[in-house]
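Okay, run_14.cif is below, mmCIF, C-alpha atoms:
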data_structure
#
loop_
_atom_site.label_atom_id
_atom_site.label_comp_id
_atom_site.auth_asym_id
_atom_site.auth_seq_id
_atom_site.Cartn_x
_atom_site.Cartn_y
_atom_site.Cartn_z
CA MET A 12 16.58 23.21 16.21
CA PRO A 13 14.66 25.13 13.50
CA GLU A 14 13.82 23.40 10.25
CA LYS A 15 15.91 24.44 7.27
CA ILE A 16 14.00 25.75 4.26
CA LEU A 17 15.69 26.31 0.92
CA VAL A 18 13.99 29.01 -1.18
CA VAL A 19 14.91 29.04 -4.87
CA ASP A 20 13.92 31.93 -7.18
CA ASP A 21 15.74 33.91 -9.83
CA ASP A 22 13.75 37.06 -8.96
CA PRO A 23 15.60 38.79 -6.08
CA VAL A 24 12.46 40.57 -4.87
CA ASN A 25 10.43 37.37 -4.65
CA LEU A 26 13.38 35.56 -3.09
CA LYS A 27 13.81 38.19 -0.39
CA MET A 28 10.07 38.37 0.34
CA ALA A 29 9.65 34.61 0.76
CA ALA A 30 12.82 34.33 2.85
CA SER A 31 11.66 37.16 5.11
CA VAL A 32 8.25 35.59 5.68
CA LEU A 33 9.76 32.24 6.63
CA ALA A 34 12.48 33.72 8.83
CA LYS A 35 9.81 35.53 10.87
CA GLU A 36 8.15 32.15 11.45
CA GLY A 37 11.34 30.80 12.99
CA PHE A 38 12.66 28.77 10.07
CA ALA A 39 16.33 28.69 9.16
CA VAL A 40 16.21 30.04 5.60
CA LEU A 41 18.68 29.25 2.81
CA THR A 42 18.44 30.79 -0.66
CA ALA A 43 19.53 30.02 -4.22
CA GLU A 44 19.04 32.02 -7.44
CA ASN A 45 18.58 29.18 -9.92
CA GLY A 46 18.12 25.44 -10.26
CA LEU A 47 21.80 24.59 -10.56
CA LEU A 48 22.69 26.51 -7.43
CA ALA A 49 19.75 24.86 -5.70
CA LEU A 50 21.14 21.38 -6.41
CA SER A 51 24.47 22.41 -4.95
CA ALA A 52 22.82 23.97 -1.88
CA VAL A 53 20.80 20.81 -1.26
CA GLN A 54 23.93 18.66 -1.28
CA ASP A 55 25.75 21.04 1.08
CA SER A 56 23.00 21.82 3.59
CA LYS A 57 20.40 19.01 3.36
CA PRO A 58 17.33 21.25 3.86
CA ASP A 59 14.14 19.92 5.42
CA LEU A 60 12.00 21.41 2.60
CA ILE A 61 12.46 23.23 -0.69
CA VAL A 62 10.33 26.08 -2.05
CA LEU A 63 11.15 25.99 -5.75
CA ASP A 64 10.28 28.53 -8.43
CA VAL A 65 9.50 27.09 -11.87
CA MET A 66 10.59 29.69 -14.43
CA MET A 67 14.36 29.98 -13.96
CA PRO A 68 17.35 30.08 -16.32
CA GLU A 69 19.86 27.24 -16.74
CA LEU A 70 17.72 24.69 -14.88
CA ASN A 71 14.02 25.30 -14.33
CA GLY A 72 11.99 24.10 -11.35
CA TYR A 73 10.58 21.03 -13.10
CA GLU A 74 14.05 19.89 -14.12
CA ALA A 75 15.49 20.55 -10.66
CA ALA A 76 12.68 18.62 -8.98
CA THR A 77 13.18 15.67 -11.32
CA LYS A 78 16.90 15.53 -10.52
CA LEU A 79 16.23 15.72 -6.78
CA ARG A 80 13.76 12.85 -6.95
CA LYS A 81 16.24 10.65 -8.82
CA ASP A 82 18.90 11.05 -6.11
CA PRO A 83 18.23 8.63 -3.19
CA GLU A 84 19.73 11.14 -0.74
CA THR A 85 17.27 13.88 -1.72
CA ALA A 86 14.33 11.86 -3.03
CA ASN A 87 12.18 12.37 0.07
CA ILE A 88 12.78 16.08 0.70
CA PRO A 89 9.39 17.84 0.37
CA ILE A 90 9.17 20.22 -2.60
CA ILE A 91 6.66 23.03 -3.00
CA LEU A 92 6.58 24.59 -6.46
CA LEU A 93 5.91 28.32 -6.50
CA THR A 94 4.99 29.85 -9.85
CA ALA A 95 2.72 32.16 -11.83
CA LEU A 96 1.86 29.22 -14.12
CA ASP A 97 -1.27 27.83 -12.49
CA SER A 98 -3.04 25.96 -15.30
CA ILE A 99 -4.07 22.34 -14.78
CA GLU A 100 -1.48 21.24 -17.34
CA GLU A 101 1.33 23.01 -15.47
CA LYS A 102 0.21 21.55 -12.14
CA ILE A 103 0.21 18.04 -13.58
CA LYS A 104 3.66 18.66 -15.02
CA GLY A 105 4.87 19.78 -11.61
CA PHE A 106 3.44 16.77 -9.80
CA GLU A 107 4.91 14.43 -12.41
CA ALA A 108 8.30 16.03 -11.75
CA GLY A 109 7.95 15.06 -8.10
CA ALA A 110 6.50 18.12 -6.39
CA ASP A 111 4.53 17.55 -3.19
CA ASP A 112 2.54 20.77 -3.49
CA TYR A 113 1.98 23.58 -5.96
CA MET A 114 1.28 27.24 -5.16
CA ALA A 115 0.41 29.98 -7.62
CA LYS A 116 1.82 33.49 -7.45
CA PRO A 117 0.87 35.88 -6.01
CA PHE A 118 0.46 34.04 -2.74
CA GLN A 119 -0.58 34.93 0.77
CA PRO A 120 2.30 34.49 3.26
CA GLU A 121 0.00 32.67 5.71
CA GLU A 122 -0.87 30.07 3.08
CA LEU A 123 2.78 29.44 2.22
CA VAL A 124 3.61 28.94 5.89
CA ALA A 125 0.62 26.63 6.38
CA ARG A 126 1.52 24.48 3.39
CA ILE A 127 5.14 24.24 4.54
CA GLN A 128 4.04 23.13 7.99
CA VAL A 129 1.80 20.41 6.51
CA GLN A 130 4.62 19.04 4.38
CA LEU A 131 7.14 19.15 7.23
CA LYS A 132 4.74 17.30 9.51
CA HIS A 133 4.22 14.61 6.87
CA ALA A 134 7.97 14.29 6.27
CA GLN A 135 8.59 13.87 9.98
CA ARG A 136 5.96 11.16 10.13
CA GLN A 137 7.73 9.25 7.38
CA LYS A 138 10.89 9.11 9.51
CA VAL A 139 9.12 7.36 12.33
CA SER A 140 9.63 3.65 11.92
CA SER A 141 7.64 2.49 14.94
CA LYS A 142 4.42 3.88 16.38
CA VAL A 143 2.25 3.27 19.41
CA SER A 144 -0.78 1.18 18.55
CA ARG A 145 -3.94 3.32 18.67
CA ASN A 146 -6.60 0.75 17.80
CA GLY A 147 -8.14 3.20 15.34
CA LYS A 148 -11.72 3.03 14.19
CA VAL A 149 -12.22 1.89 10.60
CA ILE A 150 -15.27 3.29 8.81
CA GLY A 151 -16.32 2.05 5.37
CA VAL A 152 -18.45 4.08 2.97
CA TYR A 153 -20.09 1.68 0.56
CA SER A 154 -22.75 1.12 -2.09
CA LEU A 155 -23.30 -1.68 -4.56
CA ARG A 156 -24.64 0.94 -6.99
CA GLY A 157 -22.43 3.63 -8.51
CA GLY A 158 -23.41 7.28 -8.66
CA THR A 159 -24.63 7.49 -5.07
CA GLY A 160 -21.88 9.85 -3.90
CA VAL A 161 -19.70 7.39 -1.98
CA SER A 162 -16.42 9.17 -2.73
CA SER A 163 -17.79 12.62 -1.85
CA ILE A 164 -19.20 11.30 1.42
CA ALA A 165 -16.00 9.45 2.34
CA THR A 166 -13.86 12.52 1.60
CA ASN A 167 -15.98 14.92 3.64
CA LEU A 168 -16.26 12.41 6.48
CA ALA A 169 -12.47 11.95 6.70
CA VAL A 170 -11.90 15.72 6.70
CA GLY A 171 -14.71 16.22 9.21
CA LEU A 172 -13.21 13.68 11.62
CA CYS A 173 -9.82 15.35 11.39
CA GLN A 174 -11.23 18.82 12.00
CA LEU A 175 -13.46 17.59 14.81
CA TRP A 176 -10.89 15.80 16.96
CA GLY A 177 -7.60 17.35 15.85
CA GLU A 178 -6.39 13.81 15.19
CA GLU A 179 -5.03 12.62 11.88
CA SER A 180 -7.52 10.61 9.89
CA VAL A 181 -6.71 8.59 6.79
CA LEU A 182 -8.80 8.44 3.64
CA VAL A 183 -8.11 5.15 1.85
CA ASP A 184 -9.19 4.77 -1.77
CA MET A 185 -10.12 1.11 -2.12
CA ALA A 186 -11.48 1.57 -5.66
CA MET A 187 -8.24 0.34 -7.20
CA VAL A 188 -9.50 0.90 -10.75
CA ALA A 189 -10.23 4.59 -11.40
CA GLY A 190 -10.57 5.63 -7.75
CA GLN A 191 -10.84 9.41 -7.30
CA SER A 192 -10.08 10.17 -3.64
CA ALA A 193 -6.93 12.13 -4.48
CA LEU A 194 -8.85 14.15 -7.07
CA MET A 195 -11.50 14.97 -4.46
CA LEU A 196 -8.78 16.72 -2.44
CA ASN A 197 -6.75 18.10 -5.37
CA LEU A 198 -3.73 15.99 -4.44
CA PRO A 199 -1.03 14.62 -6.76
CA LEU A 200 -0.75 10.92 -7.53
CA ARG A 201 2.89 10.80 -6.54
CA ASN A 202 2.38 7.85 -4.19
CA THR A 203 -0.37 5.24 -4.58
CA TRP A 204 -1.28 1.65 -3.76
CA ALA A 205 0.70 0.69 -6.86
CA ASP A 206 3.95 1.41 -4.99
CA ILE A 207 3.53 -1.80 -2.96
CA ALA A 208 2.07 -3.96 -5.73
CA GLU A 209 5.13 -6.18 -5.82
CA THR A 210 5.98 -6.02 -2.10
CA PRO A 211 5.20 -9.20 -0.14
CA ALA A 212 2.78 -8.60 2.72
CA GLU A 213 5.32 -9.70 5.31
CA GLU A 214 7.74 -6.99 4.16
CA ILE A 215 5.24 -4.14 4.55
CA ASP A 216 5.82 -2.11 7.73
CA GLY A 217 4.65 1.18 9.21
CA GLU A 218 7.46 3.20 7.67
CA LEU A 219 6.65 1.93 4.19
CA VAL A 220 2.94 2.63 4.64
CA SER A 221 3.62 6.18 5.84
CA LYS A 222 5.44 6.84 2.56
CA LEU A 223 2.29 5.95 0.63
CA LEU A 224 0.25 8.70 2.29
CA ARG A 225 -0.20 12.19 0.87
CA PRO A 226 -1.07 15.03 3.27
CA HIS A 227 -3.94 17.47 2.78
CA PRO A 228 -3.98 20.92 4.48
CA SER A 229 -6.89 19.73 6.63
CA GLY A 230 -4.57 17.16 8.23
CA VAL A 231 -6.12 14.20 6.42
CA GLN A 232 -3.71 11.65 4.96
CA VAL A 233 -4.72 10.05 1.66
CA LEU A 234 -3.80 6.65 0.29
CA ALA A 235 -4.62 7.04 -3.39
CA ALA A 236 -5.71 4.45 -5.91
CA PRO A 237 -3.25 3.53 -8.69
CA SER A 238 -3.13 6.06 -11.50
CA ARG A 239 -3.60 3.36 -14.17
CA PRO A 240 -6.03 0.41 -14.01
CA GLU A 241 -3.44 -2.21 -14.92
CA GLN A 242 -1.35 -1.27 -11.87
CA SER A 243 -4.02 -2.66 -9.58
CA GLU A 244 -3.77 -6.18 -10.99
CA LEU A 245 -0.65 -7.03 -9.01
CA LEU A 246 -2.07 -5.97 -5.63
CA GLN A 247 -2.71 -8.94 -3.35
CA PRO A 248 -5.48 -9.10 -0.70
CA ALA A 249 -2.89 -10.03 1.95
CA SER A 250 -0.93 -6.84 1.22
CA ILE A 251 -4.09 -4.73 1.28
CA ARG A 252 -5.09 -6.23 4.62
CA ARG A 253 -1.60 -5.65 6.04
CA VAL A 254 -1.70 -1.97 5.06
CA LEU A 255 -5.14 -1.44 6.60
CA GLU A 256 -4.07 -3.14 9.83
CA LEU A 257 -1.00 -0.92 10.08
CA LEU A 258 -3.10 2.19 9.46
CA ARG A 259 -5.50 1.10 12.19
CA ASP A 260 -2.56 0.81 14.58
CA SER A 261 -1.21 4.28 13.78
CA HIS A 262 -4.27 6.52 13.31
CA GLU A 263 -7.46 7.26 15.24
CA TYR A 264 -9.78 7.12 12.23
CA ILE A 265 -9.50 5.35 8.88
CA VAL A 266 -12.18 5.99 6.26
CA LEU A 267 -12.44 3.51 3.39
CA ASP A 268 -13.85 4.68 0.05
CA LEU A 269 -15.02 1.25 -1.09
CA PRO A 270 -15.72 0.01 -4.65
CA HIS A 271 -19.25 -0.75 -5.88
CA ASP A 272 -18.78 -4.51 -5.88
CA LEU A 273 -18.15 -7.57 -3.72
CA SER A 274 -14.66 -8.29 -4.98
CA GLU A 275 -11.93 -9.72 -2.78
CA THR A 276 -10.51 -6.22 -2.30
CA THR A 277 -13.90 -4.93 -1.12
CA LEU A 278 -14.45 -7.86 1.24
CA THR A 279 -10.96 -7.39 2.67
CA GLY A 280 -11.92 -3.85 3.60
CA LEU A 281 -15.38 -4.77 4.88
CA ASP A 282 -13.94 -7.51 7.09
CA LEU A 283 -11.88 -4.88 8.94
CA VAL A 284 -14.43 -2.08 9.34
CA ASP A 285 -15.97 -1.23 12.68
CA GLN A 286 -18.82 0.59 10.99
CA VAL A 287 -20.11 0.82 7.43
CA LEU A 288 -22.19 3.62 5.97
CA LEU A 289 -24.36 1.93 3.35
CA VAL A 290 -25.28 4.63 0.83
CA MET A 291 -28.30 4.84 -1.45
CA ALA A 292 -30.08 7.37 -3.64
CA PRO A 293 -33.91 7.61 -3.49
CA GLU A 294 -34.50 5.40 -6.53
CA LEU A 295 -35.52 1.77 -6.92
CA ALA A 296 -32.28 0.31 -8.29
CA SER A 297 -30.30 1.91 -5.47
CA VAL A 298 -32.69 0.61 -2.80
CA ARG A 299 -32.50 -2.84 -4.39
CA ALA A 300 -28.69 -2.68 -4.19
CA VAL A 301 -28.89 -1.84 -0.49
CA SER A 302 -31.21 -4.79 0.09
CA LEU A 303 -28.72 -7.11 -1.64
CA ALA A 304 -25.86 -5.66 0.41
CA LEU A 305 -27.77 -6.19 3.66
CA ASP A 306 -28.50 -9.79 2.69
CA THR A 307 -24.82 -10.33 1.92
CA PHE A 308 -23.78 -8.79 5.23
CA SER A 309 -26.13 -11.18 7.01
CA ILE A 310 -24.60 -14.18 5.22
CA LEU A 311 -21.13 -12.93 6.17
CA GLU A 312 -22.35 -12.60 9.77
CA TYR A 313 -21.63 -8.90 10.05
CA PRO A 314 -23.52 -7.61 13.11
CA PRO A 315 -26.56 -5.46 12.15
CA GLU A 316 -25.46 -2.64 14.46
CA MET A 317 -22.30 -2.28 12.37
CA VAL A 318 -24.36 -0.89 9.47
CA ARG A 319 -25.86 2.58 9.17
CA LEU A 320 -28.07 3.48 6.23
CA LEU A 321 -27.42 6.78 4.50
CA LEU A 322 -29.84 8.33 2.01
CA ASN A 323 -28.20 10.75 -0.40
CA TRP A 324 -30.50 12.91 -2.53
CA THR A 325 -28.44 12.97 -5.72
CA PHE A 326 -31.34 14.45 -7.72
CA GLU A 327 -33.94 17.07 -6.90
CA ARG A 328 -37.41 15.65 -7.54
CA GLN A 329 -39.53 12.49 -7.89
CA GLY A 330 -37.41 10.38 -5.57
CA LEU A 331 -38.86 7.63 -3.43
CA ALA A 332 -40.17 8.78 -0.06
CA GLN A 333 -37.92 8.03 2.90
CA LYS A 334 -40.79 6.30 4.73
CA ASP A 335 -41.41 3.98 1.76
CA ILE A 336 -37.72 3.08 1.55
CA GLU A 337 -37.60 2.28 5.25
CA THR A 338 -40.72 0.13 4.94
CA SER A 339 -39.21 -1.78 2.02
CA LEU A 340 -35.89 -2.39 3.76
CA ARG A 341 -37.44 -2.86 7.19
CA ARG A 342 -34.65 -0.66 8.48
CA ARG A 343 -34.52 2.92 9.68
CA ILE A 344 -32.46 5.37 7.61
CA ASP A 345 -29.87 6.85 9.96
CA LEU A 346 -28.52 9.77 7.94
CA VAL A 347 -29.92 11.91 5.12
CA ILE A 348 -27.97 14.22 2.81
CA PRO A 349 -30.15 16.77 0.99
CA TYR A 350 -29.84 17.63 -2.69
CA ALA A 351 -27.11 20.31 -2.83
CA PRO A 352 -25.47 20.57 -6.27
CA GLN A 353 -24.27 24.09 -5.48
CA HIS A 354 -21.90 22.54 -2.93
CA PHE A 355 -20.94 19.16 -4.35
CA ILE A 356 -20.32 19.91 -8.03
CA PRO A 357 -17.83 22.78 -7.43
CA ALA A 358 -16.25 20.74 -4.65
CA ILE A 359 -15.52 17.88 -7.04
CA ASN A 360 -14.29 20.14 -9.83
CA LEU A 361 -12.00 22.14 -7.54
CA GLY A 362 -10.98 19.38 -5.16
CA VAL A 363 -12.21 21.29 -2.10
CA PRO A 364 -14.75 19.43 0.09
CA PRO A 365 -17.48 21.65 1.57
CA VAL A 366 -16.76 20.61 5.16
CA PHE A 367 -13.26 22.07 4.69
CA ASP A 368 -14.10 25.00 2.43
CA ASP A 369 -17.30 26.16 4.14
CA PRO A 370 -17.83 24.40 7.50
CA LEU A 371 -20.42 27.00 8.53
CA SER A 372 -22.73 26.08 5.65
CA ASP A 373 -25.62 23.66 6.12
CA ILE A 374 -23.71 20.93 4.27
CA GLY A 375 -20.55 21.63 6.25
CA ALA A 376 -22.53 21.32 9.48
CA LEU A 377 -24.14 18.10 8.27
CA PHE A 378 -20.77 16.44 7.70
CA GLU A 379 -19.42 17.69 11.03
CA ASP A 380 -22.45 16.13 12.75
CA MET A 381 -22.01 12.94 10.73
CA ALA A 382 -18.35 12.74 11.78
CA PHE A 383 -19.37 13.09 15.42
CA ALA A 384 -22.07 10.43 15.01
CA VAL A 385 -19.58 7.82 13.76
CA SER A 386 -16.78 8.76 16.15
CA LYS A 387 -15.48 6.52 18.90
CA GLU A 388 -17.82 6.35 21.88
CA ALA A 389 -15.01 7.49 24.19
CA HIS A 390 -14.53 10.61 22.08
CA GLN A 391 -18.24 11.39 22.06
CA LYS A 392 -18.54 11.17 25.84
CA ALA A 393 -15.53 13.22 26.90
CA LYS A 394 -14.76 16.86 26.21
CA PRO A 395 -11.41 17.21 24.42
CA LYS A 396 -8.59 18.85 26.34
CA ASP A 397 -8.35 21.48 23.63
CA PRO A 398 -11.75 21.52 21.85
CA SER A 399 -11.70 22.35 18.15
CA ALA A 400 -14.01 24.91 16.58
CA ALA A 401 -15.77 22.03 14.84
CA TRP A 402 -16.36 20.26 18.17
CA GLU A 403 -17.77 23.46 19.69
CA ARG A 404 -20.19 23.84 16.77
CA VAL A 405 -21.35 20.21 16.92
CA VAL A 406 -21.96 20.31 20.67
CA LYS A 407 -23.89 23.56 20.36
CA ARG A 408 -26.14 22.02 17.70
CA LEU A 409 -26.68 18.90 19.82
CA GLN A 410 -27.69 21.04 22.80
CA GLN A 411 -30.09 23.04 20.65
CA ARG A 412 -31.72 19.84 19.37
CA ARG A 413 -32.14 18.49 22.90
CA LYS A 414 -33.90 21.71 23.93
CA THR A 415 -36.16 21.53 20.89
CA HIS A 416 -37.20 17.95 21.66
CA ALA A 417 -37.46 18.45 25.45
#
Let me see the file written as structure tokens.
Amino acid sequence: MPEKILVVDDDPVNLKMAASVLAKEGFAVLTAENGLLALSAVQDSKPDLIVLDVMMPELNGYEAATKLRKDPETANIPIILLTALDSIEEKIKGFEAGADDYMAKPFQPEELVARIQVQLKHAQRQKVSSKVSRNGKVIGVYSLRGGTGVSSIATNLAVGLCQLWGEESVLVDMAMVAGQSALMLNLPLRNTWADIAETPAEEIDGELVSKLLRPHPSGVQVLAAPSRPEQSELLQPASIRRVLELLRDSHEYIVLDLPHDLSETTLTGLDLVDQVLLVMAPELASVRAVSLALDTFSILEYPPEMVRLLLNWTFERQGLAQKDIETSLRRRIDLVIPYAPQHFIPAINLGVPPVFDDPLSDIGALFEDMAFAVSKEAHQKAKPKDPSAAWERVVKRLQQRRKTHA
């Protein structure tokens, strides 16, 4: 049975155009000319998703979205706002009203369809109360020193894993105070860790956890940090552990964006990881922080093979030589990210990671290769039934390297 989409717009031309595009894609399309009629249509037809214009008479899109979110019967229907108002302030206003996504006019029909499909897939996932255990791989990205690019690396890695295997990966922001994972993907803070702050661990189940996740067009699901620092104070380690265990049971890959400390929250995450990428910049304080982290891991009896060292060139010149760092740490550096401000700075400002925006670039290729390197061994050894474009690119590069070193 086709999904029902309610399109709401007071402009008859725009209304007809959007309805036509969606009907051609096989959706059952309903229409309404203003916010008040939209509320009535929602009650009568219970659509699977609403495409809602903002600037309308009688009841605008923000007001309509707010009313829908307050009604328990309509609170979980995905809403995509469609408007010519595309400033940051307007987007924030839309997300605060309860929108799941925000598209600016004029739009490309393909993009509207793609965004609708992402939201419908996420909504369907929320309805599933029980899932088959997948024994997912948990990967932590970590540094005791801030400013080493942990969040950028974690974001690109999660997207890269998703694009590589066609399996949903989850990006979990463990930096409960001022974490920025959602910002890195330009996602609203509609749902965050704060939503379970007062929920006992034993009452947290898969259905509840699925409601915390926000979907990104890449297929990555994001569990965002609380929007205000004080919201994190009520979160209990037992609840955090329960959420991570449930995510591991329901997804192939879980990437943790870990805080720059050894707090109970951080150790809860580290205790569950299968692999940790320990990140450093080529400067003395950063190398010292890695040394301290390695010592701590040894005390905690984490196996050495669980840790991979990652050198991120966050500045252009006068950094410590890789060979000198390896000599100091008595460990080989496994992965190196070159200095590339032309990719990372716009990516942060726009919320578009380079592995998603430009996978054919050198940086995009690097993160695809990194994702393959940390993937499950079973995935690495077997060709997927339906190989992704990312997988084809990675395998081609691996074959080229083998020929070069033969």
**Q.** Resolved residues for the PyMOL selection byres ((chain A and resi 327) around 6) as a count of residues only
**A.** 3
Hey, could you pull the box centre and edge lengths for range 91-108 of chain A, axis-aligned, 4 Å padding per side, all listed atoms, to one decimal in Å, as JSON?
{"center_x": 2.1, "center_y": 23.3, "center_z": -10.2, "size_x": 20.4, "size_y": 25.7, "size_z": 22.3}
(Q) Which residues, named as in the file, does the PyMOL selection byres ((chain A and resi 362) around 6) pick out? Answer as a list in words. (A)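 Selected by the PyMOL selection byres ((chain A and resi 362) around 6) here: Leu194, Met195, Leu196, Asn197, Ala358, Ile359, Asn360, Leu361 and Val363 of chain A.
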Quick one: write out the picked residues with C-alpha atoms as a tab-separated table (two decimals), keeping the file's coordinate frame?
chain	number	residue	atom	x	y	z
A	194	LEU	CA	-8.85	14.15	-7.07
A	195	MET	CA	-11.50	14.97	-4.46
A	196	LEU	CA	-8.78	16.72	-2.44
A	197	ASN	CA	-6.75	18.10	-5.37
A	358	ALA	CA	-16.25	20.74	-4.65
A	359	ILE	CA	-15.52	17.88	-7.04
A	360	ASN	CA	-14.29	20.14	-9.83
A	361	LEU	CA	-12.00	22.14	-7.54
A	363	VAL	CA	-12.21	21.29	-2.10
Q.
At a cut-off of 9 Å, using all atoms listed in the file, what residues contact range 277-288 of chain A? Leave out same-chain residues fewer than 4 positions from it and give the result as a PyMOL selection string.
A. chain A and resi 148-154+185-186+248-249+251-252+255-256+265-267+269-273+313+316-321+385
Q: Check what the PyMOL selection byres ((chain A and resi 293-296) around 6) selects in the file above and give those residues as a ChimeraX atom specification.
A: /A:292,297-299,330-331
Q) Rounded to one decimal in Å, what is the spacing between CA of Ala169 in chain A and CA of Tyr264 in chain A? A)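 These two atoms are separated by 7.8 Å.
Between CA of Ile215 in chain A and CA of Leu245 in chain A there is a distance of 15.1 Å.
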(Q) Can you tell me which residues surround Asp397 in chain A at a distance of at most 12 Å, considering all atoms listed in the file, apart from same-chain residues fewer than 3 positions away, and format the answer as a PyMOL selection string? (A) chain A and resi 175-178+393-394+400-403
Q: Kindly give the distance, in Å, that separates CA of Arg412 in chain A and CA of Gln391 in chain A, rounded to a single decimal.
A: 16.1 Å
Q) Given the choices A:Ile348, A:Lys407, A:Glu100, A:Asp21, which gets closest to Pro68 in chain A if the distance is worked out from all atoms listed in the file? A)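 When distances to Pro68 in chain A are compared using all atoms listed in the file, the smallest one comes from A:Asp21.
Closest approach to Pro13 in chain A from the set A:Pro237, A:Pro365, A:Gly158, A:Pro58 is made by A:Pro58, with distances taken over all atoms listed in the file.
Restricting the calculation to all atoms listed in the file, the smallest distance between Ala235 in chain A and any of A:Ala212, A:Val19, A:Val181, A:Val301 is found for A:Val181.
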Q.
Residues within 8 Å of Phe106 in chain A, please, as an MDAnalysis selection string. Count only C-alpha atoms; anything in the same chain fewer than 4 positions from it doesn't count.
A. chainID A and resid 102 110:113 199:201
Only C-alpha atoms, please: the residues just picked out, written as a PDB file, in the frame of the given file.
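Output saved as result34.pdb:
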ATOM      1  CA  LYS A 102       0.210  21.550 -12.140  1.00  0.00           C
ATOM      2  CA  ALA A 110       6.500  18.120  -6.390  1.00  0.00           C
ATOM      3  CA  ASP A 111       4.530  17.550  -3.190  1.00  0.00           C
ATOM      4  CA  ASP A 112       2.540  20.770  -3.490  1.00  0.00           C
ATOM      5  CA  TYR A 113       1.980  23.580  -5.960  1.00  0.00           C
ATOM      6  CA  PRO A 199      -1.030  14.620  -6.760  1.00  0.00           C
ATOM      7  CA  LEU A 200      -0.750  10.920  -7.530  1.00  0.00           C
ATOM      8  CA  ARG A 201       2.890  10.800  -6.540  1.00  0.00           C
TER       9      ARG A 201
END
